[in-house]
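Colleague: Provided below: query.pdb, containing PDB, C-alpha atoms.
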```
ATOM      1  CA  MET A1451     258.581 -72.242 196.092  1.00  0.00           C
ATOM      2  CA  THR A1452     255.225 -70.742 195.224  1.00  0.00           C
ATOM      3  CA  SER A1453     255.453 -67.516 193.279  1.00  0.00           C
ATOM      4  CA  LEU A1454     253.388 -64.445 193.982  1.00  0.00           C
ATOM      5  CA  ALA A1455     251.744 -64.858 190.565  1.00  0.00           C
ATOM      6  CA  GLU A1456     250.700 -68.409 191.457  1.00  0.00           C
ATOM      7  CA  LYS A1457     249.309 -67.272 194.817  1.00  0.00           C
ATOM      8  CA  GLU A1458     247.309 -64.525 193.120  1.00  0.00           C
ATOM      9  CA  GLY A1459     246.220 -66.736 190.218  1.00  0.00           C
ATOM     10  CA  ARG A1460     247.545 -64.461 187.455  1.00  0.00           C
ATOM     11  CA  LYS A1461     247.205 -66.725 184.421  1.00  0.00           C
ATOM     12  CA  GLY A1462     249.321 -64.650 182.015  1.00  0.00           C
ATOM     13  CA  ASP A1463     252.209 -64.874 184.410  1.00  0.00           C
ATOM     14  CA  MET A1464     251.627 -68.592 184.979  1.00  0.00           C
ATOM     15  CA  LYS A1465     252.756 -69.448 181.436  1.00  0.00           C
ATOM     16  CA  THR A1466     255.934 -67.438 181.959  1.00  0.00           C
ATOM     17  CA  ILE A1467     256.561 -69.228 185.256  1.00  0.00           C
ATOM     18  CA  GLN A1468     256.047 -72.673 183.719  1.00  0.00           C
ATOM     19  CA  THR A1469     258.452 -71.864 180.878  1.00  0.00           C
ATOM     20  CA  PHE A1470     260.996 -70.557 183.341  1.00  0.00           C
ATOM     21  CA  LYS A1471     260.722 -73.637 185.550  1.00  0.00           C
ATOM     22  CA  SER A1472     261.214 -76.026 182.675  1.00  0.00           C
ATOM     23  CA  LEU A1473     264.160 -74.197 181.093  1.00  0.00           C
ATOM     24  CA  TYR A1474     266.004 -72.145 183.690  1.00  0.00           C
ATOM     25  CA  TRP A1475     264.998 -73.227 187.205  1.00  0.00           C
ATOM     26  CA  LYS A1476     267.953 -75.524 187.933  1.00  0.00           C
ATOM     27  CA  ASP A1477     270.645 -73.072 186.787  1.00  0.00           C
ATOM     28  CA  SER A1478     268.978 -70.134 188.546  1.00  0.00           C
ATOM     29  CA  LYS A1479     268.632 -72.072 191.774  1.00  0.00           C
ATOM     30  CA  LEU A1480     272.279 -73.185 191.763  1.00  0.00           C
ATOM     31  CA  LEU A1481     273.474 -69.674 191.029  1.00  0.00           C
ATOM     32  CA  PHE A1482     271.169 -68.261 193.718  1.00  0.00           C
ATOM     33  CA  TYR A1483     272.834 -70.423 196.362  1.00  0.00           C
ATOM     34  CA  ARG A1484     276.307 -69.567 195.100  1.00  0.00           C
ATOM     35  CA  ILE A1485     275.571 -65.835 195.201  1.00  0.00           C
ATOM     36  CA  LEU A1486     273.986 -66.129 198.624  1.00  0.00           C
ATOM     37  CA  ASP A1487     276.967 -68.079 199.944  1.00  0.00           C
ATOM     38  CA  GLU A1488     279.484 -65.596 198.539  1.00  0.00           C
ATOM     39  CA  LEU A1489     277.594 -62.556 199.820  1.00  0.00           C
ATOM     40  CA  LEU A1490     277.361 -64.007 203.323  1.00  0.00           C
ATOM     41  CA  LEU A1491     281.025 -65.064 203.341  1.00  0.00           C
ATOM     42  CA  LYS A1492     282.066 -61.598 202.264  1.00  0.00           C
ATOM     43  CA  GLU A1493     279.891 -60.018 204.946  1.00  0.00           C
ATOM     44  CA  SER A1494     281.269 -62.317 207.636  1.00  0.00           C
ATOM     45  CA  ARG A1495     284.850 -61.415 206.672  1.00  0.00           C
ATOM     46  CA  GLN A1496     284.142 -57.682 206.640  1.00  0.00           C
ATOM     47  CA  SER A1497     282.013 -57.359 209.743  1.00  0.00           C
ATOM     48  CA  ARG A1498     282.731 -60.611 211.599  1.00  0.00           C
ATOM     49  CA  VAL A1499     279.012 -61.326 211.780  1.00  0.00           C
ATOM     50  CA  THR A1500     278.238 -65.018 212.117  1.00  0.00           C
ATOM     51  CA  ASP A1501     274.489 -65.009 212.683  1.00  0.00           C
ATOM     52  CA  PHE A1502     272.685 -64.360 209.420  1.00  0.00           C
ATOM     53  CA  SER A1503     269.272 -65.596 210.522  1.00  0.00           C
ATOM     54  CA  LYS A1504     267.733 -62.123 210.388  1.00  0.00           C
ATOM     55  CA  ILE A1505     268.848 -61.344 206.831  1.00  0.00           C
ATOM     56  CA  LEU A1506     268.013 -64.867 205.648  1.00  0.00           C
ATOM     57  CA  SER A1507     264.469 -64.452 206.914  1.00  0.00           C
ATOM     58  CA  THR A1508     264.010 -61.239 204.927  1.00  0.00           C
ATOM     59  CA  GLU A1509     261.998 -61.979 201.788  1.00  0.00           C
ATOM     60  CA  ILE A1510     263.103 -58.770 200.072  1.00  0.00           C
ATOM     61  CA  PHE A1511     266.750 -59.779 200.370  1.00  0.00           C
ATOM     62  CA  LEU A1512     266.160 -63.347 199.184  1.00  0.00           C
ATOM     63  CA  ARG A1513     263.964 -62.259 196.277  1.00  0.00           C
ATOM     64  CA  SER A1514     266.544 -59.660 195.219  1.00  0.00           C
ATOM     65  CA  VAL A1515     269.334 -62.230 195.222  1.00  0.00           C
ATOM     66  CA  PHE A1516     267.132 -64.617 193.263  1.00  0.00           C
ATOM     67  CA  ILE A1517     266.379 -61.945 190.652  1.00  0.00           C
ATOM     68  CA  CYS A1518     270.144 -61.397 190.288  1.00  0.00           C
ATOM     69  CA  ALA A1519     270.555 -65.115 189.640  1.00  0.00           C
ATOM     70  CA  ILE A1520     267.660 -65.270 187.183  1.00  0.00           C
ATOM     71  CA  GLU A1521     268.790 -62.184 185.292  1.00  0.00           C
ATOM     72  CA  THR A1522     272.307 -63.626 185.030  1.00  0.00           C
ATOM     73  CA  VAL A1523     271.007 -66.927 183.664  1.00  0.00           C
ATOM     74  CA  PHE A1524     268.725 -65.078 181.249  1.00  0.00           C
ATOM     75  CA  PHE A1525     271.586 -62.875 180.040  1.00  0.00           C
ATOM     76  CA  ILE A1526     273.849 -65.872 179.473  1.00  0.00           C
ATOM     77  CA  GLY A1527     271.008 -67.738 177.741  1.00  0.00           C
ATOM     78  CA  SER A1528     270.145 -64.698 175.597  1.00  0.00           C
ATOM     79  CA  VAL A1529     266.593 -64.511 176.944  1.00  0.00           C
ATOM     80  CA  ARG A1530     265.397 -61.084 175.904  1.00  0.00           C
ATOM     81  CA  ASN A1531     261.608 -61.371 176.079  1.00  0.00           C
ATOM     82  CA  LEU A1532     261.544 -60.667 179.839  1.00  0.00           C
ATOM     83  CA  GLN A1533     262.867 -57.484 181.356  1.00  0.00           C
ATOM     84  CA  VAL A1534     263.976 -57.052 184.952  1.00  0.00           C
ATOM     85  CA  GLN A1535     260.805 -55.097 185.681  1.00  0.00           C
ATOM     86  CA  ASP A1536     258.761 -58.105 184.525  1.00  0.00           C
ATOM     87  CA  LEU A1537     260.684 -60.318 186.947  1.00  0.00           C
ATOM     88  CA  LEU A1538     260.280 -57.822 189.771  1.00  0.00           C
ATOM     89  CA  ASN A1539     256.540 -57.742 189.132  1.00  0.00           C
ATOM     90  CA  LEU A1540     256.368 -61.547 189.129  1.00  0.00           C
ATOM     91  CA  VAL A1541     257.907 -61.786 192.594  1.00  0.00           C
ATOM     92  CA  GLY A1542     256.308 -58.626 193.988  1.00  0.00           C
ATOM     93  CA  LEU A1543     259.540 -56.710 194.483  1.00  0.00           C
ATOM     94  CA  LYS A1544     260.083 -52.979 194.127  1.00  0.00           C
ATOM     95  CA  ALA A1545     262.927 -51.793 191.901  1.00  0.00           C
ATOM     96  CA  PHE A1546     264.478 -49.806 194.750  1.00  0.00           C
ATOM     97  CA  ASP A1547     264.665 -52.904 196.973  1.00  0.00           C
ATOM     98  CA  TYR A1548     266.345 -54.825 194.163  1.00  0.00           C
ATOM     99  CA  TRP A1549     268.758 -51.966 193.509  1.00  0.00           C
ATOM    100  CA  ARG A1550     269.947 -52.068 197.134  1.00  0.00           C
ATOM    101  CA  ILE A1551     271.284 -55.620 196.619  1.00  0.00           C
ATOM    102  CA  LEU A1552     272.483 -55.105 193.057  1.00  0.00           C
ATOM    103  CA  ASN A1553     275.669 -53.235 193.934  1.00  0.00           C
ATOM    104  CA  SER A1554     276.756 -55.948 196.377  1.00  0.00           C
ATOM    105  CA  TYR A1555     276.121 -58.530 193.687  1.00  0.00           C
ATOM    106  CA  LEU A1556     278.298 -56.664 191.219  1.00  0.00           C
ATOM    107  CA  LYS A1557     281.148 -56.537 193.719  1.00  0.00           C
ATOM    108  CA  PHE A1558     281.017 -60.158 194.864  1.00  0.00           C
ATOM    109  CA  ASP A1559     282.578 -61.630 191.722  1.00  0.00           C
ATOM    110  CA  MET A1560     285.485 -59.592 190.467  1.00  0.00           C
ATOM    111  CA  GLN A1561     285.866 -61.986 187.519  1.00  0.00           C
ATOM    112  CA  MET A1562     282.347 -61.375 186.249  1.00  0.00           C
ATOM    113  CA  PRO A1563     282.479 -60.996 182.464  1.00  0.00           C
ATOM    114  CA  LYS A1564     282.588 -57.358 181.414  1.00  0.00           C
ATOM    115  CA  ASN A1565     279.460 -57.592 179.245  1.00  0.00           C
ATOM    116  CA  LEU A1566     277.473 -59.119 182.135  1.00  0.00           C
ATOM    117  CA  ASN A1567     278.725 -56.427 184.498  1.00  0.00           C
ATOM    118  CA  SER A1568     277.747 -53.763 181.940  1.00  0.00           C
ATOM    119  CA  HIS A1569     274.304 -55.337 181.630  1.00  0.00           C
ATOM    120  CA  PHE A1570     273.738 -55.019 185.378  1.00  0.00           C
ATOM    121  CA  ARG A1571     275.129 -51.480 185.417  1.00  0.00           C
ATOM    122  CA  ASP A1572     272.580 -50.596 182.713  1.00  0.00           C
ATOM    123  CA  ILE A1573     269.833 -52.072 184.901  1.00  0.00           C
ATOM    124  CA  GLU A1574     271.127 -50.041 187.830  1.00  0.00           C
ATOM    125  CA  ILE A1575     271.058 -46.840 185.768  1.00  0.00           C
ATOM    126  CA  ARG A1576     267.485 -47.538 184.601  1.00  0.00           C
ATOM    127  CA  ILE A1577     266.323 -48.091 188.167  1.00  0.00           C
ATOM    128  CA  VAL A1578     268.002 -44.962 189.525  1.00  0.00           C
ATOM    129  CA  SER A1579     266.741 -42.782 186.688  1.00  0.00           C
ATOM    130  CA  GLU A1580     263.095 -43.847 187.084  1.00  0.00           C
TER     131      GLU A1580
END
```
Show how you would write the structure in this file as structure tokens.
Modeller:
Amino acid sequence: MTSLAEKEGRKGDMKTIQTFKSLYWKDSKLLFYRILDELLLKESRQSRVTDFSKILSTEIFLRSVFICAIETVFFIGSVRNLQVQDLLNLVGLKAFDYWRILNSYLKFDMQMPKNLNSHFRDIEIRIVSE
């Protein structure tokens, strides 16, 4: 997966991307697929939709889910030097587009640790208040 920063040749972001890939890529990728699977299962149960090809071809949706996974891994790993806005900038995603997926993410795992849930609620508040 080639990042937007790599495509645009932004060297400052390249170091961040290389660090991320070496330390957090595997966990983020696994969590991304778990979140994606759970969100689609939930949607299929609620609306009986079985064809997800349209939503799965939407980059905004996929990037938003991936940011949820990355931010979760970063929170668990106590990575504090990157903020959500930095991640959004790296993948070329607007905060509003991310916010639209965030609420679904918070609802998909009812056993999400309270401090992680609070962290995402804080992100949600920051996005809405901007």
Colleague: Just checking: using all atoms listed in the file, which residue out of A:Leu1543, A:Ile1551, A:Leu1481, A:Val1534 ends up closest to Asp1572 (chain A)?
Modeller: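 With all atoms listed in the file as the atom set, the closest residue is A:Val1534.
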Colleague: When the PyMOL selection byres ((chain A and resi 1525) around 12) is applied to the file above, which residues end up in the set, as a VMD selection string?
Modeller: chain A and resid 1474 1478 1517 to 1524 1526 to 1534 1563 1565 to 1570 1573
Colleague: Between CA of Arg1571 (chain A) and CA of Leu1556 (chain A), measure the distance and give it in Å to one decimal.
Modeller: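 Taking CA of Arg1571 (chain A) as the start and CA of Leu1556 (chain A) as the end point, the length is 8.4 Å.
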Colleague: Exactly which residues make up the result of the PyMOL selection byres ((chain A and resi 1483) around 12) on this file, given as a PDB file with C-alpha atoms, keeping the file's coordinate frame?
Modeller:
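So result-v2.pdb came out as:
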```pdb
ATOM      1  CA  LYS A1476     267.953 -75.524 187.933  1.00  0.00           C
ATOM      2  CA  ASP A1477     270.645 -73.072 186.787  1.00  0.00           C
ATOM      3  CA  SER A1478     268.978 -70.134 188.546  1.00  0.00           C
ATOM      4  CA  LYS A1479     268.632 -72.072 191.774  1.00  0.00           C
ATOM      5  CA  LEU A1480     272.279 -73.185 191.763  1.00  0.00           C
ATOM      6  CA  LEU A1481     273.474 -69.674 191.029  1.00  0.00           C
ATOM      7  CA  PHE A1482     271.169 -68.261 193.718  1.00  0.00           C
ATOM      8  CA  ARG A1484     276.307 -69.567 195.100  1.00  0.00           C
ATOM      9  CA  ILE A1485     275.571 -65.835 195.201  1.00  0.00           C
ATOM     10  CA  LEU A1486     273.986 -66.129 198.624  1.00  0.00           C
ATOM     11  CA  ASP A1487     276.967 -68.079 199.944  1.00  0.00           C
ATOM     12  CA  GLU A1488     279.484 -65.596 198.539  1.00  0.00           C
ATOM     13  CA  LEU A1489     277.594 -62.556 199.820  1.00  0.00           C
ATOM     14  CA  LEU A1490     277.361 -64.007 203.323  1.00  0.00           C
ATOM     15  CA  LEU A1506     268.013 -64.867 205.648  1.00  0.00           C
ATOM     16  CA  LEU A1512     266.160 -63.347 199.184  1.00  0.00           C
ATOM     17  CA  VAL A1515     269.334 -62.230 195.222  1.00  0.00           C
ATOM     18  CA  PHE A1516     267.132 -64.617 193.263  1.00  0.00           C
ATOM     19  CA  CYS A1518     270.144 -61.397 190.288  1.00  0.00           C
ATOM     20  CA  ALA A1519     270.555 -65.115 189.640  1.00  0.00           C
ATOM     21  CA  ILE A1520     267.660 -65.270 187.183  1.00  0.00           C
TER      22      ILE A1520
END
```
Colleague: So the first atom is CA of Ile1505 (chain A) and the second is CA of Glu1580 (chain A); what is the distance between them in Å, to one decimal place?
Modeller: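 Computing the Euclidean distance for CA of Ile1505 (chain A) and CA of Glu1580 (chain A) yields 27.0 Å.
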Colleague: So how far away is CA of Ser1514 (chain A) from CA of Leu1552 (chain A), in Å?
Modeller: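 Computing it gives 7.8 Å between the two atoms.
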Colleague: Quick one: everything within 12 Å of Lys1544 (chain A), counting all atoms listed in the file, minus sequence neighbours fewer than 3 positions away in the same chain. Send it as a ChimeraX atom specification.
Modeller: /A:1509-1511,1513-1514,1517,1534-1541,1547-1551,1577,1580
Colleague: Could you add all heavy atoms to region 1563-1574 of chain A and give me the result as a PDB file, keeping the file's coordinate frame?
Modeller:
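For reference, rebuild-v1.pdb as written:
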```
ATOM      1  N   PRO A1563     282.206 -61.493 183.812  1.00  0.00           N
ATOM      2  CA  PRO A1563     282.479 -60.996 182.464  1.00  0.00           C
ATOM      3  C   PRO A1563     282.036 -59.536 182.308  1.00  0.00           C
ATOM      4  O   PRO A1563     281.004 -59.128 182.846  1.00  0.00           O
ATOM      5  CB  PRO A1563     281.648 -61.910 181.566  1.00  0.00           C
ATOM      6  CG  PRO A1563     281.470 -63.162 182.364  1.00  0.00           C
ATOM      7  CD  PRO A1563     281.416 -62.723 183.798  1.00  0.00           C
ATOM      8  N   LYS A1564     282.829 -58.800 181.579  1.00  0.00           N
ATOM      9  CA  LYS A1564     282.588 -57.358 181.414  1.00  0.00           C
ATOM     10  C   LYS A1564     281.201 -57.062 180.835  1.00  0.00           C
ATOM     11  O   LYS A1564     280.528 -56.136 181.280  1.00  0.00           O
ATOM     12  CB  LYS A1564     283.681 -56.762 180.538  1.00  0.00           C
ATOM     13  CG  LYS A1564     283.722 -55.270 180.548  1.00  0.00           C
ATOM     14  CD  LYS A1564     284.933 -54.740 179.806  1.00  0.00           C
ATOM     15  CE  LYS A1564     285.187 -53.337 180.253  1.00  0.00           C
ATOM     16  NZ  LYS A1564     286.547 -53.077 180.600  1.00  0.00           N
ATOM     17  N   ASN A1565     280.768 -57.851 179.857  1.00  0.00           N
ATOM     18  CA  ASN A1565     279.460 -57.592 179.245  1.00  0.00           C
ATOM     19  C   ASN A1565     278.320 -57.882 180.228  1.00  0.00           C
ATOM     20  O   ASN A1565     277.300 -57.197 180.219  1.00  0.00           O
ATOM     21  CB  ASN A1565     279.280 -58.340 177.935  1.00  0.00           C
ATOM     22  CG  ASN A1565     279.409 -59.838 178.070  1.00  0.00           C
ATOM     23  OD1 ASN A1565     279.883 -60.372 179.071  1.00  0.00           O
ATOM     24  ND2 ASN A1565     279.015 -60.543 177.021  1.00  0.00           N
ATOM     25  N   LEU A1566     278.484 -58.855 181.117  1.00  0.00           N
ATOM     26  CA  LEU A1566     277.473 -59.119 182.135  1.00  0.00           C
ATOM     27  C   LEU A1566     277.458 -57.994 183.164  1.00  0.00           C
ATOM     28  O   LEU A1566     276.394 -57.509 183.556  1.00  0.00           O
ATOM     29  CB  LEU A1566     277.732 -60.463 182.820  1.00  0.00           C
ATOM     30  CG  LEU A1566     276.749 -60.882 183.896  1.00  0.00           C
ATOM     31  CD1 LEU A1566     275.324 -60.956 183.351  1.00  0.00           C
ATOM     32  CD2 LEU A1566     277.168 -62.221 184.493  1.00  0.00           C
ATOM     33  N   ASN A1567     278.623 -57.543 183.567  1.00  0.00           N
ATOM     34  CA  ASN A1567     278.725 -56.427 184.498  1.00  0.00           C
ATOM     35  C   ASN A1567     278.075 -55.181 183.900  1.00  0.00           C
ATOM     36  O   ASN A1567     277.309 -54.484 184.569  1.00  0.00           O
ATOM     37  CB  ASN A1567     280.193 -56.169 184.850  1.00  0.00           C
ATOM     38  CG  ASN A1567     280.349 -55.224 186.009  1.00  0.00           C
ATOM     39  OD1 ASN A1567     279.942 -54.077 185.931  1.00  0.00           O
ATOM     40  ND2 ASN A1567     280.958 -55.714 187.076  1.00  0.00           N
ATOM     41  N   SER A1568     278.342 -54.919 182.633  1.00  0.00           N
ATOM     42  CA  SER A1568     277.747 -53.763 181.940  1.00  0.00           C
ATOM     43  C   SER A1568     276.226 -53.883 181.883  1.00  0.00           C
ATOM     44  O   SER A1568     275.505 -52.894 182.044  1.00  0.00           O
ATOM     45  CB  SER A1568     278.296 -53.642 180.526  1.00  0.00           C
ATOM     46  OG  SER A1568     279.658 -53.343 180.553  1.00  0.00           O
ATOM     47  N   HIS A1569     275.752 -55.101 181.663  1.00  0.00           N
ATOM     48  CA  HIS A1569     274.304 -55.337 181.630  1.00  0.00           C
ATOM     49  C   HIS A1569     273.673 -54.942 182.962  1.00  0.00           C
ATOM     50  O   HIS A1569     272.650 -54.238 182.992  1.00  0.00           O
ATOM     51  CB  HIS A1569     274.041 -56.810 181.316  1.00  0.00           C
ATOM     52  CG  HIS A1569     272.613 -57.217 181.421  1.00  0.00           C
ATOM     53  ND1 HIS A1569     271.658 -56.796 180.527  1.00  0.00           N
ATOM     54  CD2 HIS A1569     271.981 -57.994 182.319  1.00  0.00           C
ATOM     55  CE1 HIS A1569     270.481 -57.300 180.870  1.00  0.00           C
ATOM     56  NE2 HIS A1569     270.651 -58.035 181.959  1.00  0.00           N
ATOM     57  N   PHE A1570     274.280 -55.359 184.063  1.00  0.00           N
ATOM     58  CA  PHE A1570     273.738 -55.019 185.378  1.00  0.00           C
ATOM     59  C   PHE A1570     273.911 -53.538 185.694  1.00  0.00           C
ATOM     60  O   PHE A1570     273.061 -52.948 186.360  1.00  0.00           O
ATOM     61  CB  PHE A1570     274.351 -55.895 186.469  1.00  0.00           C
ATOM     62  CG  PHE A1570     273.686 -57.234 186.573  1.00  0.00           C
ATOM     63  CD1 PHE A1570     274.296 -58.357 186.059  1.00  0.00           C
ATOM     64  CD2 PHE A1570     272.443 -57.357 187.164  1.00  0.00           C
ATOM     65  CE1 PHE A1570     273.682 -59.593 186.142  1.00  0.00           C
ATOM     66  CE2 PHE A1570     271.813 -58.587 187.251  1.00  0.00           C
ATOM     67  CZ  PHE A1570     272.437 -59.711 186.739  1.00  0.00           C
ATOM     68  N   ARG A1571     274.964 -52.932 185.229  1.00  0.00           N
ATOM     69  CA  ARG A1571     275.129 -51.480 185.417  1.00  0.00           C
ATOM     70  C   ARG A1571     274.024 -50.733 184.673  1.00  0.00           C
ATOM     71  O   ARG A1571     273.498 -49.734 185.166  1.00  0.00           O
ATOM     72  CB  ARG A1571     276.514 -51.005 184.967  1.00  0.00           C
ATOM     73  CG  ARG A1571     277.636 -51.481 185.828  1.00  0.00           C
ATOM     74  CD  ARG A1571     277.608 -50.805 187.170  1.00  0.00           C
ATOM     75  NE  ARG A1571     278.705 -51.320 187.987  1.00  0.00           N
ATOM     76  CZ  ARG A1571     278.739 -51.273 189.294  1.00  0.00           C
ATOM     77  NH1 ARG A1571     277.762 -50.712 189.962  1.00  0.00           N
ATOM     78  NH2 ARG A1571     279.741 -51.776 189.961  1.00  0.00           N
ATOM     79  N   ASP A1572     273.685 -51.202 183.470  1.00  0.00           N
ATOM     80  CA  ASP A1572     272.580 -50.596 182.713  1.00  0.00           C
ATOM     81  C   ASP A1572     271.260 -50.720 183.477  1.00  0.00           C
ATOM     82  O   ASP A1572     270.459 -49.780 183.518  1.00  0.00           O
ATOM     83  CB  ASP A1572     272.434 -51.249 181.341  1.00  0.00           C
ATOM     84  CG  ASP A1572     273.567 -50.918 180.397  1.00  0.00           C
ATOM     85  OD1 ASP A1572     274.321 -49.952 180.666  1.00  0.00           O
ATOM     86  OD2 ASP A1572     273.726 -51.637 179.385  1.00  0.00           O
ATOM     87  N   ILE A1573     271.038 -51.880 184.088  1.00  0.00           N
ATOM     88  CA  ILE A1573     269.833 -52.072 184.901  1.00  0.00           C
ATOM     89  C   ILE A1573     269.839 -51.092 186.065  1.00  0.00           C
ATOM     90  O   ILE A1573     268.821 -50.448 186.356  1.00  0.00           O
ATOM     91  CB  ILE A1573     269.752 -53.538 185.418  1.00  0.00           C
ATOM     92  CG1 ILE A1573     269.480 -54.479 184.266  1.00  0.00           C
ATOM     93  CG2 ILE A1573     268.681 -53.658 186.509  1.00  0.00           C
ATOM     94  CD1 ILE A1573     269.616 -55.944 184.625  1.00  0.00           C
ATOM     95  N   GLU A1574     270.990 -50.959 186.709  1.00  0.00           N
ATOM     96  CA  GLU A1574     271.127 -50.041 187.830  1.00  0.00           C
ATOM     97  C   GLU A1574     270.811 -48.612 187.417  1.00  0.00           C
ATOM     98  O   GLU A1574     270.071 -47.904 188.106  1.00  0.00           O
ATOM     99  CB  GLU A1574     272.551 -50.146 188.381  1.00  0.00           C
ATOM    100  CG  GLU A1574     272.779 -49.367 189.630  1.00  0.00           C
ATOM    101  CD  GLU A1574     274.190 -49.570 190.171  1.00  0.00           C
ATOM    102  OE1 GLU A1574     275.143 -49.699 189.382  1.00  0.00           O
ATOM    103  OE2 GLU A1574     274.327 -49.576 191.396  1.00  0.00           O
TER     104      GLU A1574
END
```
